[in-house]
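K.L.:
Sending over coords_39.pdb (PDB, C-alpha atoms and all ligand atoms).
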```pdb
ATOM      1  CA  MET L   1      14.017   5.382  -1.315  1.00  0.00           C
ATOM      2  CA  GLU L   2      14.322   1.782  -0.171  1.00  0.00           C
ATOM      3  CA  ILE L   3      11.434  -0.484  -1.166  1.00  0.00           C
ATOM      4  CA  LYS L   4       9.646  -2.102   1.762  1.00  0.00           C
ATOM      5  CA  LEU L   5       6.842  -4.620   1.951  1.00  0.00           C
ATOM      6  CA  ALA L   6       4.393  -3.907   4.790  1.00  0.00           C
ATOM      7  CA  PRO L   7       2.154  -6.952   5.301  1.00  0.00           C
ATOM      8  CA  SER L   8      -1.195  -5.983   6.831  1.00  0.00           C
ATOM      9  CA  ILE L   9      -2.230  -8.202   9.722  1.00  0.00           C
ATOM     10  CA  LEU L  10      -5.870  -7.445   8.967  1.00  0.00           C
ATOM     11  CA  ALA L  11      -5.674 -10.456   6.646  1.00  0.00           C
ATOM     12  CA  ALA L  12      -3.760 -12.677   9.117  1.00  0.00           C
ATOM     13  CA  ASP L  13      -5.227 -15.655  10.951  1.00  0.00           C
ATOM     14  CA  PHE L  14      -5.668 -14.205  14.455  1.00  0.00           C
ATOM     15  CA  ASN L  15      -5.804 -17.703  15.872  1.00  0.00           C
ATOM     16  CA  VAL L  16      -2.065 -17.990  15.094  1.00  0.00           C
ATOM     17  CA  LEU L  17      -1.156 -14.312  14.802  1.00  0.00           C
ATOM     18  CA  GLY L  18       2.165 -14.522  16.669  1.00  0.00           C
ATOM     19  CA  LYS L  19       3.355 -17.409  14.503  1.00  0.00           C
ATOM     20  CA  GLN L  20       2.465 -15.590  11.307  1.00  0.00           C
ATOM     21  CA  VAL L  21       4.256 -12.436  12.462  1.00  0.00           C
ATOM     22  CA  ASN L  22       7.356 -14.532  13.249  1.00  0.00           C
ATOM     23  CA  MET L  23       7.130 -16.142   9.852  1.00  0.00           C
ATOM     24  CA  ILE L  24       7.175 -12.874   7.936  1.00  0.00           C
ATOM     25  CA  GLU L  25       9.944 -11.533  10.167  1.00  0.00           C
ATOM     26  CA  GLY L  26      11.991 -14.668   9.448  1.00  0.00           C
ATOM     27  CA  ALA L  27      11.483 -14.028   5.729  1.00  0.00           C
ATOM     28  CA  GLY L  28      13.312 -10.694   6.045  1.00  0.00           C
ATOM     29  CA  VAL L  29      10.306  -8.349   5.970  1.00  0.00           C
ATOM     30  CA  GLN L  30      10.957  -5.074   7.872  1.00  0.00           C
ATOM     31  CA  TYR L  31       7.525  -3.510   8.347  1.00  0.00           C
ATOM     32  CA  LEU L  32       4.281  -4.771   9.856  1.00  0.00           C
ATOM     33  CA  HIS L  33       1.185  -2.805   8.801  1.00  0.00           C
ATOM     34  CA  ILE L  34      -1.410  -2.631  11.569  1.00  0.00           C
ATOM     35  CA  ASP L  35      -4.902  -1.465  10.551  1.00  0.00           C
ATOM     36  CA  VAL L  36      -6.893  -0.008  13.428  1.00  0.00           C
ATOM     37  CA  MET L  37     -10.578   0.697  12.675  1.00  0.00           C
ATOM     38  CA  ASP L  38     -12.908   2.423  15.096  1.00  0.00           C
ATOM     39  CA  GLY L  39     -16.414   1.681  13.778  1.00  0.00           C
ATOM     40  CA  ASN L  40     -16.882   5.430  13.347  1.00  0.00           C
ATOM     41  CA  TYR L  41     -14.422   6.825  10.801  1.00  0.00           C
ATOM     42  CA  VAL L  42     -14.926   3.525   8.961  1.00  0.00           C
ATOM     43  CA  PRO L  43     -17.929   1.244   9.530  1.00  0.00           C
ATOM     44  CA  GLY L  44     -16.063  -1.747  10.955  1.00  0.00           C
ATOM     45  CA  ILE L  45     -13.970  -2.384  14.058  1.00  0.00           C
ATOM     46  CA  SER L  46     -10.716  -4.319  13.735  1.00  0.00           C
ATOM     47  CA  PHE L  47      -8.606  -4.396  16.909  1.00  0.00           C
ATOM     48  CA  GLY L  48      -6.774  -2.019  19.206  1.00  0.00           C
ATOM     49  CA  THR L  49      -3.906  -1.618  21.630  1.00  0.00           C
ATOM     50  CA  PRO L  50      -4.118  -4.963  23.495  1.00  0.00           C
ATOM     51  CA  VAL L  51      -3.430  -6.883  20.289  1.00  0.00           C
ATOM     52  CA  ILE L  52      -0.531  -4.599  19.352  1.00  0.00           C
ATOM     53  CA  LYS L  53       0.975  -4.845  22.845  1.00  0.00           C
ATOM     54  CA  SER L  54       0.775  -8.582  22.695  1.00  0.00           C
ATOM     55  CA  ILE L  55       2.580  -9.035  19.351  1.00  0.00           C
ATOM     56  CA  ARG L  56       5.135  -6.341  20.303  1.00  0.00           C
ATOM     57  CA  LYS L  57       6.562  -8.703  22.944  1.00  0.00           C
ATOM     58  CA  ASN L  58       7.734 -11.085  20.281  1.00  0.00           C
ATOM     59  CA  SER L  59       8.672  -8.937  17.297  1.00  0.00           C
ATOM     60  CA  LYS L  60      11.294  -6.392  16.289  1.00  0.00           C
ATOM     61  CA  LEU L  61       9.486  -5.415  13.093  1.00  0.00           C
ATOM     62  CA  VAL L  62       8.746  -1.752  12.479  1.00  0.00           C
ATOM     63  CA  PHE L  63       5.139  -1.393  13.627  1.00  0.00           C
ATOM     64  CA  ASP L  64       3.440   0.761  11.012  1.00  0.00           C
ATOM     65  CA  VAL L  65       0.136   1.659  12.656  1.00  0.00           C
ATOM     66  CA  HIS L  66      -2.591   2.954  10.322  1.00  0.00           C
ATOM     67  CA  LEU L  67      -5.282   4.649  12.384  1.00  0.00           C
ATOM     68  CA  MET L  68      -8.648   4.659  10.613  1.00  0.00           C
ATOM     69  CA  VAL L  69     -10.041   6.496  13.600  1.00  0.00           C
ATOM     70  CA  ASN L  70     -11.823   9.824  14.120  1.00  0.00           C
ATOM     71  CA  GLU L  71      -9.817  12.461  15.992  1.00  0.00           C
ATOM     72  CA  PRO L  72      -6.795  10.186  16.567  1.00  0.00           C
ATOM     73  CA  ILE L  73      -5.091  12.962  18.571  1.00  0.00           C
ATOM     74  CA  ARG L  74      -7.027  11.563  21.565  1.00  0.00           C
ATOM     75  CA  LEU L  75      -5.382   8.172  21.311  1.00  0.00           C
ATOM     76  CA  VAL L  76      -1.859   8.469  19.947  1.00  0.00           C
ATOM     77  CA  GLU L  77      -0.140   8.066  23.341  1.00  0.00           C
ATOM     78  CA  ASN L  78      -1.956   4.750  23.840  1.00  0.00           C
ATOM     79  CA  PHE L  79      -0.633   3.494  20.510  1.00  0.00           C
ATOM     80  CA  ARG L  80       2.890   4.702  21.312  1.00  0.00           C
ATOM     81  CA  ASP L  81       2.717   2.818  24.628  1.00  0.00           C
ATOM     82  CA  ALA L  82       1.447  -0.295  22.869  1.00  0.00           C
ATOM     83  CA  GLY L  83       4.550  -0.328  20.652  1.00  0.00           C
ATOM     84  CA  ALA L  84       3.913   1.707  17.490  1.00  0.00           C
ATOM     85  CA  ASP L  85       6.993   2.930  15.602  1.00  0.00           C
ATOM     86  CA  ILE L  86       5.119   4.857  12.917  1.00  0.00           C
ATOM     87  CA  ILE L  87       1.640   6.318  13.374  1.00  0.00           C
ATOM     88  CA  THR L  88      -0.365   7.326  10.311  1.00  0.00           C
ATOM     89  CA  VAL L  89      -3.550   9.356  10.636  1.00  0.00           C
ATOM     90  CA  HIS L  90      -6.165  10.265   8.055  1.00  0.00           C
ATOM     91  CA  ALA L  91      -6.217  13.920   7.005  1.00  0.00           C
ATOM     92  CA  GLU L  92     -10.026  13.645   6.725  1.00  0.00           C
ATOM     93  CA  ALA L  93     -10.351  12.414  10.313  1.00  0.00           C
ATOM     94  CA  CYS L  94      -8.502  15.245  12.054  1.00  0.00           C
ATOM     95  CA  SER L  95     -10.089  18.596  12.906  1.00  0.00           C
ATOM     96  CA  ASP L  96      -6.570  19.921  13.611  1.00  0.00           C
ATOM     97  CA  LEU L  97      -4.205  17.975  11.376  1.00  0.00           C
ATOM     98  CA  PRO L  98      -1.042  20.014  12.100  1.00  0.00           C
ATOM     99  CA  ALA L  99      -1.530  19.601  15.871  1.00  0.00           C
ATOM    100  CA  THR L 100      -2.112  15.869  15.466  1.00  0.00           C
ATOM    101  CA  ILE L 101       1.073  15.467  13.405  1.00  0.00           C
ATOM    102  CA  GLU L 102       3.067  17.561  15.852  1.00  0.00           C
ATOM    103  CA  LYS L 103       1.881  15.518  18.805  1.00  0.00           C
ATOM    104  CA  ILE L 104       3.044  12.268  17.191  1.00  0.00           C
ATOM    105  CA  LYS L 105       6.411  13.784  16.243  1.00  0.00           C
ATOM    106  CA  ASN L 106       6.925  15.144  19.748  1.00  0.00           C
ATOM    107  CA  MET L 107       6.478  11.627  21.117  1.00  0.00           C
ATOM    108  CA  GLY L 108       9.561  10.647  19.087  1.00  0.00           C
ATOM    109  CA  LEU L 109       7.713   8.499  16.576  1.00  0.00           C
ATOM    110  CA  LYS L 110       7.640   8.629  12.811  1.00  0.00           C
ATOM    111  CA  VAL L 111       4.466  10.128  11.459  1.00  0.00           C
ATOM    112  CA  GLY L 112       2.410   9.557   8.343  1.00  0.00           C
ATOM    113  CA  VAL L 113      -0.645  11.220   6.836  1.00  0.00           C
ATOM    114  CA  SER L 114      -3.149   9.273   4.771  1.00  0.00           C
ATOM    115  CA  LEU L 115      -5.568  10.309   2.031  1.00  0.00           C
ATOM    116  CA  ASN L 116      -8.699   8.502   0.905  1.00  0.00           C
ATOM    117  CA  PRO L 117      -9.228   7.913  -2.824  1.00  0.00           C
ATOM    118  CA  ALA L 118     -11.502  10.975  -3.110  1.00  0.00           C
ATOM    119  CA  SER L 119      -9.187  13.345  -1.221  1.00  0.00           C
ATOM    120  CA  GLY L 120      -6.919  15.652  -3.209  1.00  0.00           C
ATOM    121  CA  LEU L 121      -3.214  16.168  -2.616  1.00  0.00           C
ATOM    122  CA  ASP L 122      -3.977  19.759  -1.605  1.00  0.00           C
ATOM    123  CA  MET L 123      -5.058  18.366   1.779  1.00  0.00           C
ATOM    124  CA  LEU L 124      -1.378  17.645   2.449  1.00  0.00           C
ATOM    125  CA  GLU L 125      -0.284  21.268   2.139  1.00  0.00           C
ATOM    126  CA  PRO L 126      -0.411  22.195   5.849  1.00  0.00           C
ATOM    127  CA  VAL L 127       1.767  19.242   6.906  1.00  0.00           C
ATOM    128  CA  ILE L 128       3.840  18.058   3.939  1.00  0.00           C
ATOM    129  CA  ASN L 129       7.053  19.501   5.417  1.00  0.00           C
ATOM    130  CA  ASP L 130       6.480  17.766   8.744  1.00  0.00           C
ATOM    131  CA  VAL L 131       5.667  14.159   7.848  1.00  0.00           C
ATOM    132  CA  ASP L 132       7.900  11.136   7.277  1.00  0.00           C
ATOM    133  CA  MET L 133       5.399   9.326   5.100  1.00  0.00           C
ATOM    134  CA  VAL L 134       2.286   9.867   2.968  1.00  0.00           C
ATOM    135  CA  LEU L 135      -0.113   6.928   2.686  1.00  0.00           C
ATOM    136  CA  ILE L 136      -2.216   6.890  -0.463  1.00  0.00           C
ATOM    137  CA  MET L 137      -5.310   4.703  -0.101  1.00  0.00           C
ATOM    138  CA  SER L 138      -5.864   2.762  -3.296  1.00  0.00           C
ATOM    139  CA  VAL L 139      -9.201   1.368  -2.001  1.00  0.00           C
ATOM    140  CA  GLU L 140     -11.841   2.880   0.284  1.00  0.00           C
ATOM    141  CA  PRO L 141     -10.565   2.356   3.825  1.00  0.00           C
ATOM    142  CA  GLY L 142     -12.431  -0.155   5.935  1.00  0.00           C
ATOM    143  CA  ALA L 143     -11.866  -3.600   4.477  1.00  0.00           C
ATOM    144  CA  GLY L 144      -9.227  -5.858   2.992  1.00  0.00           C
ATOM    145  CA  GLY L 145      -9.613  -7.798  -0.236  1.00  0.00           C
ATOM    146  CA  GLN L 146     -10.930  -4.958  -2.456  1.00  0.00           C
ATOM    147  CA  ALA L 147      -9.810  -4.182  -6.012  1.00  0.00           C
ATOM    148  CA  PHE L 148      -7.077  -1.578  -6.617  1.00  0.00           C
ATOM    149  CA  ILE L 149      -8.520   1.744  -7.879  1.00  0.00           C
ATOM    150  CA  PRO L 150      -6.555   2.511 -11.086  1.00  0.00           C
ATOM    151  CA  SER L 151      -6.703   6.317 -10.732  1.00  0.00           C
ATOM    152  CA  SER L 152      -4.477   5.936  -7.645  1.00  0.00           C
ATOM    153  CA  LEU L 153      -1.504   5.549  -9.999  1.00  0.00           C
ATOM    154  CA  GLN L 154      -1.748   9.120 -11.282  1.00  0.00           C
ATOM    155  CA  LYS L 155      -2.164  10.373  -7.732  1.00  0.00           C
ATOM    156  CA  ILE L 156       1.050   8.585  -6.718  1.00  0.00           C
ATOM    157  CA  ARG L 157       2.893  10.095  -9.714  1.00  0.00           C
ATOM    158  CA  ASP L 158       1.644  13.578  -8.824  1.00  0.00           C
ATOM    159  CA  LEU L 159       2.675  13.127  -5.210  1.00  0.00           C
ATOM    160  CA  LYS L 160       6.113  11.857  -6.183  1.00  0.00           C
ATOM    161  CA  GLU L 161       6.615  14.883  -8.397  1.00  0.00           C
ATOM    162  CA  LYS L 162       5.502  17.248  -5.645  1.00  0.00           C
ATOM    163  CA  VAL L 163       7.832  15.625  -3.100  1.00  0.00           C
ATOM    164  CA  GLU L 164      10.809  15.713  -5.464  1.00  0.00           C
ATOM    165  CA  LYS L 165      10.187  19.312  -6.485  1.00  0.00           C
ATOM    166  CA  ALA L 166      10.100  20.319  -2.833  1.00  0.00           C
ATOM    167  CA  GLY L 167      13.354  18.400  -2.222  1.00  0.00           C
ATOM    168  CA  LEU L 168      11.725  16.355   0.551  1.00  0.00           C
ATOM    169  CA  SER L 169      12.620  12.831   1.572  1.00  0.00           C
ATOM    170  CA  ILE L 170       9.243  11.261   2.306  1.00  0.00           C
ATOM    171  CA  ASP L 171       8.187   7.624   2.042  1.00  0.00           C
ATOM    172  CA  ILE L 172       5.224   7.056  -0.274  1.00  0.00           C
ATOM    173  CA  GLU L 173       3.143   4.162   1.017  1.00  0.00           C
ATOM    174  CA  VAL L 174       0.233   2.685  -0.925  1.00  0.00           C
ATOM    175  CA  ASP L 175      -2.503   0.580   0.650  1.00  0.00           C
ATOM    176  CA  GLY L 176      -5.245  -1.565  -0.840  1.00  0.00           C
ATOM    177  CA  GLY L 177      -5.667  -4.076  -3.633  1.00  0.00           C
ATOM    178  CA  ILE L 178      -1.946  -4.575  -4.293  1.00  0.00           C
ATOM    179  CA  ARG L 179      -0.762  -7.979  -5.489  1.00  0.00           C
ATOM    180  CA  ALA L 180       2.494  -9.331  -6.893  1.00  0.00           C
ATOM    181  CA  ASP L 181       1.037  -8.942 -10.383  1.00  0.00           C
ATOM    182  CA  ASN L 182       0.215  -5.221 -10.136  1.00  0.00           C
ATOM    183  CA  VAL L 183       2.884  -4.007  -7.705  1.00  0.00           C
ATOM    184  CA  MET L 184       5.326  -3.098 -10.494  1.00  0.00           C
ATOM    185  CA  GLU L 185       2.978  -0.337 -11.686  1.00  0.00           C
ATOM    186  CA  VAL L 186       2.706   1.006  -8.149  1.00  0.00           C
ATOM    187  CA  LEU L 187       6.504   1.114  -7.824  1.00  0.00           C
ATOM    188  CA  GLU L 188       6.891   2.701 -11.256  1.00  0.00           C
ATOM    189  CA  ALA L 189       4.417   5.399 -10.224  1.00  0.00           C
ATOM    190  CA  GLY L 190       6.713   6.344  -7.325  1.00  0.00           C
ATOM    191  CA  ALA L 191       5.681   4.368  -4.224  1.00  0.00           C
ATOM    192  CA  ASN L 192       8.279   2.668  -2.033  1.00  0.00           C
ATOM    193  CA  VAL L 193       6.281   1.217   0.900  1.00  0.00           C
ATOM    194  CA  ILE L 194       3.857  -1.445  -0.249  1.00  0.00           C
ATOM    195  CA  VAL L 195       0.999  -2.583   1.987  1.00  0.00           C
ATOM    196  CA  SER L 196      -0.395  -5.987   1.273  1.00  0.00           C
ATOM    197  CA  GLY L 197      -2.939  -7.961   3.295  1.00  0.00           C
ATOM    198  CA  THR L 198      -4.688 -10.659   1.326  1.00  0.00           C
ATOM    199  CA  SER L 199      -1.820 -11.265  -1.074  1.00  0.00           C
ATOM    200  CA  VAL L 200       0.645 -11.959   1.746  1.00  0.00           C
ATOM    201  CA  PHE L 201      -1.511 -13.774   4.315  1.00  0.00           C
ATOM    202  CA  GLY L 202      -3.826 -15.554   1.864  1.00  0.00           C
ATOM    203  CA  GLY L 203      -2.329 -18.954   0.977  1.00  0.00           C
ATOM    204  CA  ASP L 204       1.387 -19.721   1.296  1.00  0.00           C
ATOM    205  CA  ILE L 205       2.875 -16.741   3.149  1.00  0.00           C
ATOM    206  CA  LEU L 206       6.539 -17.441   2.365  1.00  0.00           C
ATOM    207  CA  ASP L 207       5.816 -18.082  -1.279  1.00  0.00           C
ATOM    208  CA  ASN L 208       3.771 -14.872  -1.473  1.00  0.00           C
ATOM    209  CA  ILE L 209       6.621 -12.839   0.038  1.00  0.00           C
ATOM    210  CA  SER L 210       9.153 -14.307  -2.334  1.00  0.00           C
ATOM    211  CA  LYS L 211       6.933 -13.342  -5.293  1.00  0.00           C
ATOM    212  CA  TYR L 212       6.940  -9.740  -4.070  1.00  0.00           C
ATOM    213  CA  ASN L 213      10.700  -9.852  -3.527  1.00  0.00           C
ATOM    214  CA  SER L 214      11.325 -10.953  -7.073  1.00  0.00           C
ATOM    215  CA  VAL L 215       9.292  -8.037  -8.456  1.00  0.00           C
ATOM    216  CA  PHE L 216      11.197  -5.659  -6.137  1.00  0.00           C
ATOM    217  CA  ARG L 217      14.518  -7.064  -7.444  1.00  0.00           C
ATOM    218  CA  GLU L 218      13.347  -6.696 -11.026  1.00  0.00           C
ATOM    219  CA  TYR L 219      12.381  -3.058 -10.372  1.00  0.00           C
ATOM    220  CA  GLU L 220      15.755  -2.334  -8.783  1.00  0.00           C
ATOM    221  CA  GLU L 221      17.664  -3.991 -11.621  1.00  0.00           C
ATOM    222  CA  ARG L 222      15.663  -2.022 -14.176  1.00  0.00           C
ATOM    223  CA  HIS L 223      16.388   1.237 -12.472  1.00  0.00           C
ATOM    224  CA  SER L 224      20.031   0.664 -11.671  1.00  0.00           C
ATOM    225  CA  ALA L 225      20.540  -0.276 -15.358  1.00  0.00           C
ATOM    226  CA  SER L 226      18.969   2.981 -16.512  1.00  0.00           C
ATOM    227  CA  ASN L 227      21.110   5.168 -14.195  1.00  0.00           C
TER     228      ASN L 227
HETATM  229  C1  LIG H 301      -8.027  -1.133   4.276  1.00  0.00           C
HETATM  230  C2  LIG H 301      -6.714  -1.383   4.995  1.00  0.00           C
HETATM  231  C3  LIG H 301      -5.706  -2.151   4.208  1.00  0.00           C
HETATM  232  C4  LIG H 301      -6.082  -3.519   3.849  1.00  0.00           C
HETATM  233  C5  LIG H 301      -5.265  -3.975   2.667  1.00  0.00           C
HETATM  234  O1  LIG H 301      -8.826  -0.325   5.047  1.00  0.00           O
HETATM  235  O2  LIG H 301      -6.113  -0.148   5.311  1.00  0.00           O
HETATM  236  O3  LIG H 301      -4.431  -2.152   4.856  1.00  0.00           O
HETATM  237  O4  LIG H 301      -5.924  -4.415   4.909  1.00  0.00           O
HETATM  238  O5  LIG H 301      -5.716  -5.214   2.335  1.00  0.00           O
HETATM  239  P1  LIG H 301      -5.593  -5.849   0.901  1.00  0.00           P
HETATM  240  O6  LIG H 301      -4.124  -5.961   0.605  1.00  0.00           O
HETATM  241  O7  LIG H 301      -6.261  -7.152   1.069  1.00  0.00           O
HETATM  242  O8  LIG H 301      -6.286  -4.935  -0.067  1.00  0.00           O
HETATM  243 ZN    ZN H 302      -3.876   0.083   6.065  1.00  0.00          ZN
END
```
Is it possible to give me this structure as structure tokens?
Ligand code: DX5
Ligand code: ZN

P.N.:
Amino acid sequence: MEIKLAPSILAADFNVLGKQVNMIEGAGVQYLHIDVMDGNYVPGISFGTPVIKSIRKNSKLVFDVHLMVNEPIRLVENFRDAGADIITVHAEACSDLPATIEKIKNMGLKVGVSLNPASGLDMLEPVINDVDMVLIMSVEPGAGGQAFIPSSLQKIRDLKEKVEKAGLSIDIEVDGGIRADNVMEVLEAGANVIVSGTSVFGGDILDNISKYNSVFREYEERHSASN
């Protein structure tokens, strides 16, 4: 699976959000990770559809919308209309997960399912054949800038094994506490979509992206050499 960096705008400077989105797009990034928090499923509130609609006007990035929202089935059309390309919902937040996934798919969007650190992979069973992506949270959802939870690595390995055994082609996205100096372990465990807030938008954005790109190249060289 192709490796993709998905910078999370939660860590962007909203005073110059459009400029920062253009900057990462100019640097060749393909995904934009958009963290929506409802003050209910998670304690805080981030932003919603008006912000997404506004940046959509000026960006062709793949909008990877991560809904940290209770019963997202109520709201997925609004996020589609605002410009989402991928909608990811939390398994823990849906009383009818299969119906929620089906609704997103029927709108013609890509669909992801996310698991909190404490949630087991068994929660994926009802929908694993129907999703395009699984998002493993490597911090508790709700805030940027937290430390990566090391046990996430084994969970990613287990998921990768499960996906390969089932012969599925699913993106494995990992979110929380990833930096250029620990991303290699996350890739080695089996992830291919890497969310990063603080370590892209904190400091020199272009320099931060190029640090990630050099680790991605190193990973690819390592693995093409071993094939
Ligand atoms: C946490 C969010 C993350 C977060 C990642 O609830 O889902 O996307 O912004 O931020 P960093 O990279 O700073 O851990
Ligand atoms: Zn996220």

K.L.:
Write out as JSON lines a residue-level contact list of chain L versus ligand LIG 301 (chain H) with cut-off 10 Å: for each qualifying residue the closest pair of atoms and the distance in Å to one decimal, counting all atoms listed in the file, rows sorted by chain and residue number upward.

P.N.:
```
{"residue": "L:Ala6", "atom": "CA", "partner": "H:LIG301", "partner_atom": "O3", "distance": 9.0}
{"residue": "L:Pro7", "atom": "CA", "partner": "H:LIG301", "partner_atom": "O6", "distance": 7.9}
{"residue": "L:Ser8", "atom": "CA", "partner": "H:LIG301", "partner_atom": "O4", "distance": 5.3}
{"residue": "L:Ile9", "atom": "CA", "partner": "H:LIG301", "partner_atom": "O4", "distance": 7.2}
{"residue": "L:Leu10", "atom": "CA", "partner": "H:LIG301", "partner_atom": "O4", "distance": 5.1}
{"residue": "L:Ala11", "atom": "CA", "partner": "H:LIG301", "partner_atom": "O4", "distance": 6.3}
{"residue": "L:Ala12", "atom": "CA", "partner": "H:LIG301", "partner_atom": "O4", "distance": 9.5}
{"residue": "L:His33", "atom": "CA", "partner": "H:LIG301", "partner_atom": "O3", "distance": 6.9}
{"residue": "L:Ile34", "atom": "CA", "partner": "H:LIG301", "partner_atom": "O3", "distance": 7.4}
{"residue": "L:Asp35", "atom": "CA", "partner": "H:LIG301", "partner_atom": "O2", "distance": 5.5}
{"residue": "L:Val36", "atom": "CA", "partner": "H:LIG301", "partner_atom": "O2", "distance": 8.2}
{"residue": "L:Met37", "atom": "CA", "partner": "H:LIG301", "partner_atom": "O1", "distance": 7.9}
{"residue": "L:Val42", "atom": "CA", "partner": "H:LIG301", "partner_atom": "O1", "distance": 8.2}
{"residue": "L:Gly44", "atom": "CA", "partner": "H:LIG301", "partner_atom": "O1", "distance": 9.4}
{"residue": "L:Ser46", "atom": "CA", "partner": "H:LIG301", "partner_atom": "O1", "distance": 9.7}
{"residue": "L:Val65", "atom": "CA", "partner": "H:LIG301", "partner_atom": "O3", "distance": 9.8}
{"residue": "L:His66", "atom": "CA", "partner": "H:LIG301", "partner_atom": "O2", "distance": 6.9}
{"residue": "L:Leu67", "atom": "CA", "partner": "H:LIG301", "partner_atom": "O2", "distance": 8.6}
{"residue": "L:Met68", "atom": "CA", "partner": "H:LIG301", "partner_atom": "O1", "distance": 7.5}
{"residue": "L:Ser114", "atom": "CA", "partner": "H:LIG301", "partner_atom": "O2", "distance": 9.9}
{"residue": "L:Asn116", "atom": "CA", "partner": "H:LIG301", "partner_atom": "O1", "distance": 9.8}
{"residue": "L:Leu135", "atom": "CA", "partner": "H:LIG301", "partner_atom": "O2", "distance": 9.6}
{"residue": "L:Ile136", "atom": "CA", "partner": "H:LIG301", "partner_atom": "O2", "distance": 9.9}
{"residue": "L:Met137", "atom": "CA", "partner": "H:LIG301", "partner_atom": "O2", "distance": 7.3}
{"residue": "L:Ser138", "atom": "CA", "partner": "H:LIG301", "partner_atom": "O8", "distance": 8.4}
{"residue": "L:Val139", "atom": "CA", "partner": "H:LIG301", "partner_atom": "C1", "distance": 6.9}
{"residue": "L:Glu140", "atom": "CA", "partner": "H:LIG301", "partner_atom": "O1", "distance": 6.5}
{"residue": "L:Pro141", "atom": "CA", "partner": "H:LIG301", "partner_atom": "O1", "distance": 3.4}
{"residue": "L:Gly142", "atom": "CA", "partner": "H:LIG301", "partner_atom": "O1", "distance": 3.7}
{"residue": "L:Ala143", "atom": "CA", "partner": "H:LIG301", "partner_atom": "O1", "distance": 4.5}
{"residue": "L:Gly144", "atom": "CA", "partner": "H:LIG301", "partner_atom": "O5", "distance": 3.6}
{"residue": "L:Gly145", "atom": "CA", "partner": "H:LIG301", "partner_atom": "O7", "distance": 3.7}
{"residue": "L:Gln146", "atom": "CA", "partner": "H:LIG301", "partner_atom": "O8", "distance": 5.2}
{"residue": "L:Ala147", "atom": "CA", "partner": "H:LIG301", "partner_atom": "O8", "distance": 7.0}
{"residue": "L:Phe148", "atom": "CA", "partner": "H:LIG301", "partner_atom": "O8", "distance": 7.4}
{"residue": "L:Val174", "atom": "CA", "partner": "H:LIG301", "partner_atom": "O3", "distance": 8.9}
{"residue": "L:Asp175", "atom": "CA", "partner": "H:LIG301", "partner_atom": "O3", "distance": 5.4}
{"residue": "L:Gly176", "atom": "CA", "partner": "H:LIG301", "partner_atom": "O8", "distance": 3.6}
{"residue": "L:Gly177", "atom": "CA", "partner": "H:LIG301", "partner_atom": "O8", "distance": 3.7}
{"residue": "L:Ile178", "atom": "CA", "partner": "H:LIG301", "partner_atom": "O6", "distance": 5.5}
{"residue": "L:Arg179", "atom": "CA", "partner": "H:LIG301", "partner_atom": "O6", "distance": 7.2}
{"residue": "L:Ile194", "atom": "CA", "partner": "H:LIG301", "partner_atom": "O6", "distance": 9.2}
{"residue": "L:Val195", "atom": "CA", "partner": "H:LIG301", "partner_atom": "O3", "distance": 6.2}
{"residue": "L:Ser196", "atom": "CA", "partner": "H:LIG301", "partner_atom": "O6", "distance": 3.8}
{"residue": "L:Gly197", "atom": "CA", "partner": "H:LIG301", "partner_atom": "O6", "distance": 3.6}
{"residue": "L:Thr198", "atom": "CA", "partner": "H:LIG301", "partner_atom": "O7", "distance": 3.9}
{"residue": "L:Ser199", "atom": "CA", "partner": "H:LIG301", "partner_atom": "O6", "distance": 6.0}
{"residue": "L:Val200", "atom": "CA", "partner": "H:LIG301", "partner_atom": "O6", "distance": 7.7}
{"residue": "L:Phe201", "atom": "CA", "partner": "H:LIG301", "partner_atom": "O7", "distance": 8.8}
{"residue": "L:Gly202", "atom": "CA", "partner": "H:LIG301", "partner_atom": "O7", "distance": 8.8}
```

K.L.:
Could you pull out every residue with an atom within 8 Å of (0.0, 13.7, 8.4), file coordinates, counting all atoms listed in the file, and send them as a PDB file with C-alpha atoms, in the frame of the given file?

P.N.:
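out.pdb was written with the following content:
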```
ATOM      1  CA  THR L  88      -0.365   7.326  10.311  1.00  0.00           C
ATOM      2  CA  VAL L  89      -3.550   9.356  10.636  1.00  0.00           C
ATOM      3  CA  HIS L  90      -6.165  10.265   8.055  1.00  0.00           C
ATOM      4  CA  ALA L  91      -6.217  13.920   7.005  1.00  0.00           C
ATOM      5  CA  LEU L  97      -4.205  17.975  11.376  1.00  0.00           C
ATOM      6  CA  PRO L  98      -1.042  20.014  12.100  1.00  0.00           C
ATOM      7  CA  THR L 100      -2.112  15.869  15.466  1.00  0.00           C
ATOM      8  CA  ILE L 101       1.073  15.467  13.405  1.00  0.00           C
ATOM      9  CA  VAL L 111       4.466  10.128  11.459  1.00  0.00           C
ATOM     10  CA  GLY L 112       2.410   9.557   8.343  1.00  0.00           C
ATOM     11  CA  VAL L 113      -0.645  11.220   6.836  1.00  0.00           C
ATOM     12  CA  SER L 114      -3.149   9.273   4.771  1.00  0.00           C
ATOM     13  CA  LEU L 124      -1.378  17.645   2.449  1.00  0.00           C
ATOM     14  CA  VAL L 127       1.767  19.242   6.906  1.00  0.00           C
ATOM     15  CA  ILE L 128       3.840  18.058   3.939  1.00  0.00           C
ATOM     16  CA  ASP L 130       6.480  17.766   8.744  1.00  0.00           C
ATOM     17  CA  VAL L 131       5.667  14.159   7.848  1.00  0.00           C
ATOM     18  CA  MET L 133       5.399   9.326   5.100  1.00  0.00           C
ATOM     19  CA  VAL L 134       2.286   9.867   2.968  1.00  0.00           C
TER      20      VAL L 134
END
```

K.L.:
Using the chain letters and numbers from this file, what does the PyMOL selection byres (((chain L and resi 121) around 10) and not hetatm) select? Give the answer as a ChimeraX atom specification.

P.N.:
/L:115,118-120,122-125,128,136,155-156,158-159,162

K.L.:
Assuming 8 Å of padding per side, give the centre and edge lengths of the axis-aligned box around every listed atom of region 86-101 of chain L, in Å to one decimal and as JSON.

P.N.:
```
{"center_x": -2.6, "center_y": 12.4, "center_z": 11.3, "size_x": 31.5, "size_y": 31.2, "size_z": 25.1}
```
